[in-house]
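Here is data.csv, consisting of CSV, C-alpha atoms and all ligand atoms:
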chain,number,residue,atom,x,y,z
L,1,MET,CA,24.4,135.0,29.9
L,2,ILE,CA,27.0,133.8,27.4
L,3,ARG,CA,26.1,130.5,25.9
L,4,LEU,CA,28.3,127.4,25.6
L,5,GLY,CA,28.4,125.4,22.4
L,6,VAL,CA,30.3,122.1,22.7
L,7,ASN,CA,32.3,120.9,19.7
L,8,ILE,CA,32.2,117.2,19.9
L,9,ASP,CA,34.5,116.4,16.9
L,10,HIS,CA,37.2,115.0,19.1
L,11,ILE,CA,34.9,112.4,20.7
L,12,ALA,CA,34.7,111.0,17.1
L,13,THR,CA,38.5,111.4,16.8
L,14,LEU,CA,38.9,109.0,19.6
L,15,ARG,CA,36.4,106.5,18.1
L,16,GLN,CA,38.0,106.7,14.7
L,17,ALA,CA,41.4,105.9,16.2
L,18,ARG,CA,40.1,102.4,16.8
L,19,TYR,CA,36.9,101.9,14.7
L,20,ARG,CA,37.7,103.4,11.4
L,21,ASP,CA,36.9,100.0,9.8
L,22,PRO,CA,33.8,98.0,10.7
L,23,HIS,CA,34.2,95.7,13.7
L,24,PRO,CA,31.3,93.3,13.4
L,25,GLY,CA,29.8,92.5,16.8
L,26,VAL,CA,31.4,95.5,18.6
L,27,THR,CA,29.6,98.8,19.3
L,28,PRO,CA,32.1,101.5,18.4
L,29,GLU,CA,33.0,103.8,21.3
L,30,PRO,CA,32.9,106.6,22.3
L,31,ASP,CA,29.6,107.4,20.6
L,32,PRO,CA,29.3,111.2,19.8
L,33,VAL,CA,25.5,111.1,20.0
L,34,THR,CA,25.5,109.6,23.5
L,35,LEU,CA,28.1,112.1,24.6
L,36,ALA,CA,26.2,114.9,22.9
L,37,ARG,CA,23.2,114.0,25.1
L,38,ILE,CA,25.4,114.2,28.2
L,39,CYS,CA,26.7,117.7,27.1
L,40,LEU,CA,23.2,119.0,26.8
L,41,GLU,CA,22.0,117.4,30.0
L,42,ALA,CA,24.9,119.1,31.7
L,43,GLY,CA,23.7,122.5,30.5
L,44,ALA,CA,25.5,123.1,27.2
L,45,HIS,CA,23.4,125.2,25.0
L,46,SER,CA,24.3,123.8,21.6
L,47,LEU,CA,26.4,121.2,19.8
L,48,THR,CA,28.9,121.8,17.0
L,49,VAL,CA,30.3,119.3,14.5
L,50,HIS,CA,32.6,120.0,11.6
L,51,LEU,CA,31.9,117.5,8.8
L,52,ARG,CA,35.2,117.7,7.1
L,53,GLU,CA,35.8,116.8,3.5
L,54,ASP,CA,38.3,114.1,4.6
L,55,ARG,CA,35.8,112.8,7.2
L,56,ARG,CA,38.7,112.5,9.7
L,57,HIS,CA,36.5,112.6,12.8
L,58,ILE,CA,32.7,113.1,12.6
L,59,GLN,CA,31.0,111.0,10.0
L,60,ASP,CA,27.9,111.6,7.9
L,61,GLU,CA,25.9,109.1,9.9
L,62,ASP,CA,26.8,110.8,13.2
L,63,VAL,CA,25.6,114.1,11.8
L,64,LEU,CA,22.3,112.6,10.6
L,65,ARG,CA,21.7,111.0,14.0
L,66,LEU,CA,22.5,114.3,15.7
L,67,GLY,CA,20.1,116.0,13.4
L,68,ARG,CA,17.3,113.6,14.1
L,69,GLU,CA,17.8,114.0,17.9
L,70,PHE,CA,19.0,117.6,18.4
L,71,ARG,CA,18.3,119.5,15.2
L,72,GLU,CA,17.3,122.6,17.2
L,73,LYS,CA,20.6,122.7,19.0
L,74,LEU,CA,22.9,121.6,16.1
L,75,ASN,CA,25.5,123.9,14.6
L,76,LEU,CA,27.1,122.3,11.5
L,77,GLU,CA,30.5,123.7,10.6
L,78,MET,CA,31.3,123.1,6.9
L,79,ALA,CA,33.1,124.3,3.8
L,80,ALA,CA,31.0,126.3,1.4
L,81,SER,CA,31.2,123.6,-1.2
L,82,PRO,CA,28.2,122.4,-3.3
L,83,ALA,CA,28.3,119.0,-1.7
L,84,MET,CA,28.1,120.4,1.8
L,85,VAL,CA,25.4,122.9,0.9
L,86,ASP,CA,23.3,120.0,-0.4
L,87,PHE,CA,24.0,118.0,2.8
L,88,ALA,CA,23.0,121.0,4.9
L,89,LEU,CA,19.8,121.7,3.0
L,90,ARG,CA,18.8,118.0,3.5
L,91,LEU,CA,19.7,118.1,7.2
L,92,LYS,CA,18.4,121.6,8.0
L,93,PRO,CA,20.4,122.0,11.3
L,94,ALA,CA,19.5,125.1,13.4
L,95,GLU,CA,22.8,126.7,12.4
L,96,VAL,CA,25.5,126.4,9.8
L,97,CYS,CA,28.9,128.0,10.3
L,98,LEU,CA,30.9,128.4,7.1
L,99,VAL,CA,34.6,127.7,7.6
L,100,PRO,CA,37.6,127.4,5.3
L,101,GLU,CA,39.0,124.0,4.8
L,102,ASN,CA,42.4,122.8,3.9
L,103,ARG,CA,43.1,119.0,3.8
L,104,ALA,CA,46.6,119.3,5.2
L,105,GLU,CA,45.7,121.3,8.3
L,106,VAL,CA,45.5,119.7,11.7
L,107,THR,CA,42.6,122.0,12.6
L,108,THR,CA,40.9,125.0,11.1
L,109,GLU,CA,43.8,127.4,10.8
L,110,GLY,CA,42.3,130.7,9.8
L,111,GLY,CA,39.0,132.4,9.3
L,112,LEU,CA,37.0,132.3,6.1
L,113,ASP,CA,38.2,135.0,3.6
L,114,ALA,CA,34.6,136.3,3.2
L,115,ALA,CA,35.9,139.7,1.8
L,116,GLY,CA,37.8,137.9,-0.9
L,117,HIS,CA,35.0,135.5,-1.9
L,118,LEU,CA,31.9,137.7,-1.8
L,119,ASP,CA,30.5,136.4,-5.1
L,120,ALA,CA,31.0,132.8,-4.3
L,121,LEU,CA,29.6,133.0,-0.8
L,122,ARG,CA,26.5,135.2,-1.6
L,123,PRO,CA,24.4,132.3,-3.2
L,124,VAL,CA,25.5,129.9,-0.4
L,125,VAL,CA,24.4,132.2,2.4
L,126,ARG,CA,21.2,133.0,0.5
L,127,LYS,CA,20.3,129.3,0.0
L,128,LEU,CA,21.0,128.3,3.6
L,129,LYS,CA,19.0,131.3,4.9
L,130,GLN,CA,16.1,130.5,2.6
L,131,ALA,CA,16.0,127.0,4.2
L,132,GLY,CA,15.5,128.7,7.6
L,133,ILE,CA,19.1,128.0,8.7
L,134,LEU,CA,20.9,130.5,10.9
L,135,VAL,CA,24.1,131.3,8.9
L,136,SER,CA,27.4,132.1,10.7
L,137,LEU,CA,30.7,132.9,9.1
L,138,PHE,CA,33.9,131.9,10.9
L,139,LEU,CA,36.1,135.0,10.5
L,140,ASP,CA,39.4,136.4,11.6
L,141,PRO,CA,38.8,139.5,13.7
L,142,GLU,CA,39.4,142.0,10.9
L,143,LEU,CA,37.1,144.9,10.2
L,144,ARG,CA,37.0,144.2,6.4
L,145,GLN,CA,35.8,140.6,7.1
L,146,ILE,CA,33.0,141.9,9.4
L,147,GLU,CA,32.0,144.4,6.6
L,148,ALA,CA,31.9,141.4,4.2
L,149,ALA,CA,29.6,139.6,6.6
L,150,THR,CA,27.3,142.6,6.4
L,151,ALA,CA,27.5,142.7,2.6
L,152,LEU,CA,26.5,139.0,2.7
L,153,GLU,CA,23.7,139.6,5.1
L,154,ALA,CA,25.0,136.9,7.4
L,155,PRO,CA,23.2,137.1,10.8
L,156,VAL,CA,26.0,135.7,12.8
L,157,VAL,CA,29.8,135.8,12.8
L,158,GLU,CA,32.1,133.5,14.8
L,159,LEU,CA,35.3,135.3,15.6
L,160,HIS,CA,38.4,133.1,15.3
L,161,THR,CA,40.1,133.3,18.7
L,162,GLY,CA,43.0,131.1,17.7
L,163,ARG,CA,45.5,133.9,17.5
L,164,PHE,CA,44.5,135.2,20.9
L,165,ALA,CA,44.7,131.6,22.4
L,166,ASP,CA,48.2,131.0,21.0
L,167,ALA,CA,49.5,134.5,21.8
L,168,ASP,CA,52.3,134.8,24.4
L,169,PRO,CA,51.4,137.2,27.2
L,170,ALA,CA,53.1,140.2,25.5
L,171,GLN,CA,50.9,139.7,22.3
L,172,ARG,CA,47.7,138.9,24.1
L,173,PRO,CA,46.4,142.5,24.6
L,174,SER,CA,46.7,143.3,20.9
L,175,ALA,CA,44.9,140.1,20.0
L,176,LEU,CA,42.2,141.0,22.4
L,177,THR,CA,41.9,144.5,21.0
L,178,LYS,CA,41.4,143.1,17.5
L,179,LEU,CA,38.7,140.8,18.8
L,180,ARG,CA,37.0,143.7,20.7
L,181,GLU,CA,37.0,146.0,17.7
L,182,ALA,CA,35.6,143.2,15.5
L,183,ALA,CA,32.9,142.4,18.1
L,184,GLN,CA,31.9,146.0,18.3
L,185,LYS,CA,31.7,146.4,14.6
L,186,ALA,CA,29.6,143.3,14.2
L,187,ASP,CA,27.2,144.5,16.9
L,188,GLN,CA,26.9,147.9,15.2
L,189,PHE,CA,25.7,146.0,12.1
L,190,LYS,CA,23.3,143.9,14.3
L,191,ILE,CA,25.3,140.8,13.7
L,192,GLN,CA,25.4,138.2,16.5
L,193,VAL,CA,28.9,137.6,17.8
L,194,ASN,CA,30.1,134.1,18.6
L,195,ALA,CA,33.7,133.1,19.2
L,196,GLY,CA,35.8,130.0,19.3
L,197,HIS,CA,39.0,128.1,18.7
L,198,GLY,CA,41.7,127.3,21.2
L,199,LEU,CA,39.6,128.4,24.2
L,200,ARG,CA,40.6,126.8,27.5
L,201,LEU,CA,39.7,127.2,31.1
L,202,SER,CA,43.0,129.2,31.5
L,203,ASN,CA,42.3,131.8,28.8
L,204,LEU,CA,38.6,132.2,29.2
L,205,PRO,CA,38.8,134.9,31.9
L,206,ASP,CA,40.6,137.2,29.6
L,207,LEU,CA,38.3,136.5,26.7
L,208,LEU,CA,35.2,137.2,28.7
L,209,HIS,CA,36.2,140.9,28.7
L,210,LEU,CA,35.0,141.1,25.1
L,211,PRO,CA,31.6,142.8,24.6
L,212,HIS,CA,28.6,141.3,22.8
L,213,LEU,CA,29.5,137.7,23.1
L,214,HIS,CA,26.6,135.4,22.4
L,215,THR,CA,28.0,131.9,22.2
L,216,LEU,CA,31.5,130.4,22.7
L,217,ASN,CA,32.2,127.2,20.8
L,218,ILE,CA,34.7,125.0,22.6
L,219,GLY,CA,36.0,121.6,21.7
L,220,HIS,CA,39.4,120.2,22.2
L,221,SER,CA,40.2,121.6,25.6
L,222,LEU,CA,36.7,120.7,26.9
L,223,VAL,CA,37.0,117.1,25.8
L,224,SER,CA,40.6,117.0,27.1
L,225,HIS,CA,39.3,118.3,30.5
L,226,ALA,CA,36.7,115.5,30.5
L,227,LEU,CA,39.5,113.0,30.4
L,228,THR,CA,41.4,114.7,33.1
L,229,VAL,CA,38.5,114.9,35.5
L,230,GLY,CA,37.0,111.6,34.5
L,231,LEU,CA,39.9,109.2,34.1
L,232,ALA,CA,40.2,108.3,37.8
L,233,ARG,CA,36.5,107.2,37.8
L,234,SER,CA,37.1,105.1,34.8
L,235,VAL,CA,40.1,103.3,36.4
L,236,ARG,CA,38.0,102.6,39.5
L,237,ASP,CA,35.2,101.2,37.4
L,238,PHE,CA,37.6,98.8,35.6
L,239,LEU,CA,39.3,97.8,38.9
L,240,GLN,CA,35.9,97.0,40.3
L,241,ALA,CA,35.0,94.9,37.2
L,242,ILE,CA,38.3,93.0,37.5
L,243,ALA,CA,37.8,92.4,41.2
L,244,LYS,CA,34.5,90.7,40.5
L,245,THR,CA,36.2,87.8,38.7
Y,1,LIG,N1,34.8,127.0,16.1
Y,1,LIG,C1,35.3,126.7,14.9
Y,1,LIG,C2,34.7,127.4,13.7
Y,1,LIG,C3,36.2,125.6,14.7
Y,1,LIG,O1,36.6,125.3,13.5
Y,1,LIG,C4,36.7,125.0,15.9
Y,1,LIG,C5,37.6,123.8,15.7
Y,1,LIG,O2,37.1,122.8,15.0
Y,1,LIG,C6,36.2,125.4,17.1
Y,1,LIG,C7,35.3,126.4,17.2
Y,1,LIG,C8,36.6,124.7,18.4
Y,1,LIG,O3,38.0,124.9,18.6
Y,1,LIG,P1,38.7,124.1,19.7
Y,1,LIG,O4,38.6,122.6,19.4
Y,1,LIG,O5,40.1,124.6,19.7
Y,1,LIG,O6,38.0,124.5,21.0

Represent the structure contained in this file as structure tokens.
Ligand code: PXP
Amino acid sequence: MIRLGVNIDHIATLRQARYRDPHPGVTPEPDPVTLARICLEAGAHSLTVHLREDRRHIQDEDVLRLGREFREKLNLEMAASPAMVDFALRLKPAEVCLVPENRAEVTTEGGLDAAGHLDALRPVVRKLKQAGILVSLFLDPELRQIEAATALEAPVVELHTGRFADADPAQRPSALTKLREAAQKADQFKIQVNAGHGLRLSNLPDLLHLPHLHTLNIGHSLVSHALTVGLARSVRDFLQAIAKT
């Protein structure tokens, strides 16, 4: 069975839209840890957070709380920077996914150029592995990147599905072919294949044709869907509260 990892960053995005600064006497909402618990109780297999350098959504304190409660299910996405490596070595989440990071981007735009940064990444992967952390590399579906993952002895790759997700119907088959070839190559090298970015209920059926998928990490669309299916209930709850006055 393919596993579902839920990226809860955008729960924090909503909280930060209101509670970036301290509001004494108010408990900030929504709370990513409370909603992480709901995701796991609903059957999600793991949780992902991306602690970005600019701290635009998930905050250090969120990740520390998630680590205390769900360390075994926690996948920390992060840049391969010395500060983040120190953070991960202190937190020791089950998994770390190394991603590229660019301050100006709205979301992670491309995969990590592992092939172009072998020397810089080698000690990072080694240190994290020595700490017992499962190391994943977020890669574009290119064979040279999968080969780089082998050279780095990374046990997991997460294939970037963004190009597939954004492709118009005419381009989608070639995007899927690239993903399939990358998944096959990774599996030949005995590397676990995860995938994520831009996955939605509408494009999942096509993606599920890929071989060797272990975990799909899904964030924005899953959280958006939660609003779509949950908003009516929220309105009813508030109407009921108002009616009591
Ligand atoms: N996987 C990685 C490595 C990501 O950077 C992201 C986006 O933060 C996701 C998965 C989830 O992407 P989306 O929010 O589009 O589902």

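One finds CA of Ala114 in chain L at 15.2 Å from atom O1 of ligand LIG 1 (chain Y).
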
* Find, counting all atoms listed in the file, the residue in L:Asn194, L:Ala120, L:Val157, L:Ala17 that gets nearest to Arg56 in chain L. =>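 Of L:Asn194, L:Ala120, L:Val157, L:Ala17, the one nearest Arg56 in chain L, counting all atoms listed in the file, is L:Ala17.
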
* To do: Can you tell me which residues come within 8 Å of ligand LIG 1 (chain Y) when counting only C-alpha atoms and all ligand atoms, ideally as a count of residues only?
  => 31

* Asked: Interatomic distance between CA of Gln130 in chain L and CA of Asp62 in chain L?
  -> 24.8 Å

* **Atom-to-atom span, CA of Glu41 in chain L and CA of Val135 in chain L, Å** =>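 Separation of CA of Glu41 in chain L and CA of Val135 in chain L: 25.4 Å.
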
* **Cut-off 12 Å around (23.4, 123.1, 27.3) with only C-alpha atoms: residues as a list of chain:residue names** => L:Ile2, L:Arg3, L:Leu4, L:Gly5, L:Val6, L:Asn7, L:Ala36, L:Arg37, L:Ile38, L:Cys39, L:Leu40, L:Glu41, L:Ala42, L:Gly43, L:Ala44, L:His45, L:Ser46, L:Leu47, L:Thr48, L:Phe70, L:Glu72, L:Lys73, L:Leu74, L:Thr215, L:Leu216, L:Asn217

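Among the candidates L:Arg20, L:Pro28, L:Glu142, L:Thr34, the one nearest to Ile8 in chain L when counting all atoms listed in the file is L:Thr34.
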
* For Pro141 in chain L, which residue among L:Pro32, L:Gly110, L:Gly25, L:Pro100 is the nearest when counting all atoms listed in the file? ->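 That would be L:Gly110, the residue with the smallest distance to Pro141 in chain L.
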
* Asked: At a cut-off of 10 Å from (52.0, 136.8, 18.3) in the coordinates of the file, what residues are picked up using only C-alpha atoms, written as a PyMOL selection string?
  -> chain L and resi 163-172+174-175

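Excluding Ile11 in chain L itself and same-chain residues fewer than 4 positions from it, the residues having an atom within 9 Å of it are Asn7, Arg15, Gln16, Glu29, Pro30, Asp31, Pro32, Leu35, His57, Ile58 and Val223 of chain L, counting only C-alpha atoms.
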
Once you have the residues from the selection above, write them out as an mmCIF file, in the coordinates of the input, restricted to C-alpha atoms.
data_model
loop_
_atom_site.group_PDB
_atom_site.id
_atom_site.type_symbol
_atom_site.label_atom_id
_atom_site.label_comp_id
_atom_site.auth_asym_id
_atom_site.auth_seq_id
_atom_site.Cartn_x
_atom_site.Cartn_y
_atom_site.Cartn_z
ATOM 1 C CA ASN L 7 32.300 120.900 19.700
ATOM 2 C CA ARG L 15 36.400 106.500 18.100
ATOM 3 C CA GLN L 16 38.000 106.700 14.700
ATOM 4 C CA GLU L 29 33.000 103.800 21.300
ATOM 5 C CA PRO L 30 32.900 106.600 22.300
ATOM 6 C CA ASP L 31 29.600 107.400 20.600
ATOM 7 C CA PRO L 32 29.300 111.200 19.800
ATOM 8 C CA LEU L 35 28.100 112.100 24.600
ATOM 9 C CA HIS L 57 36.500 112.600 12.800
ATOM 10 C CA ILE L 58 32.700 113.100 12.600
ATOM 11 C CA VAL L 223 37.000 117.100 25.800
#
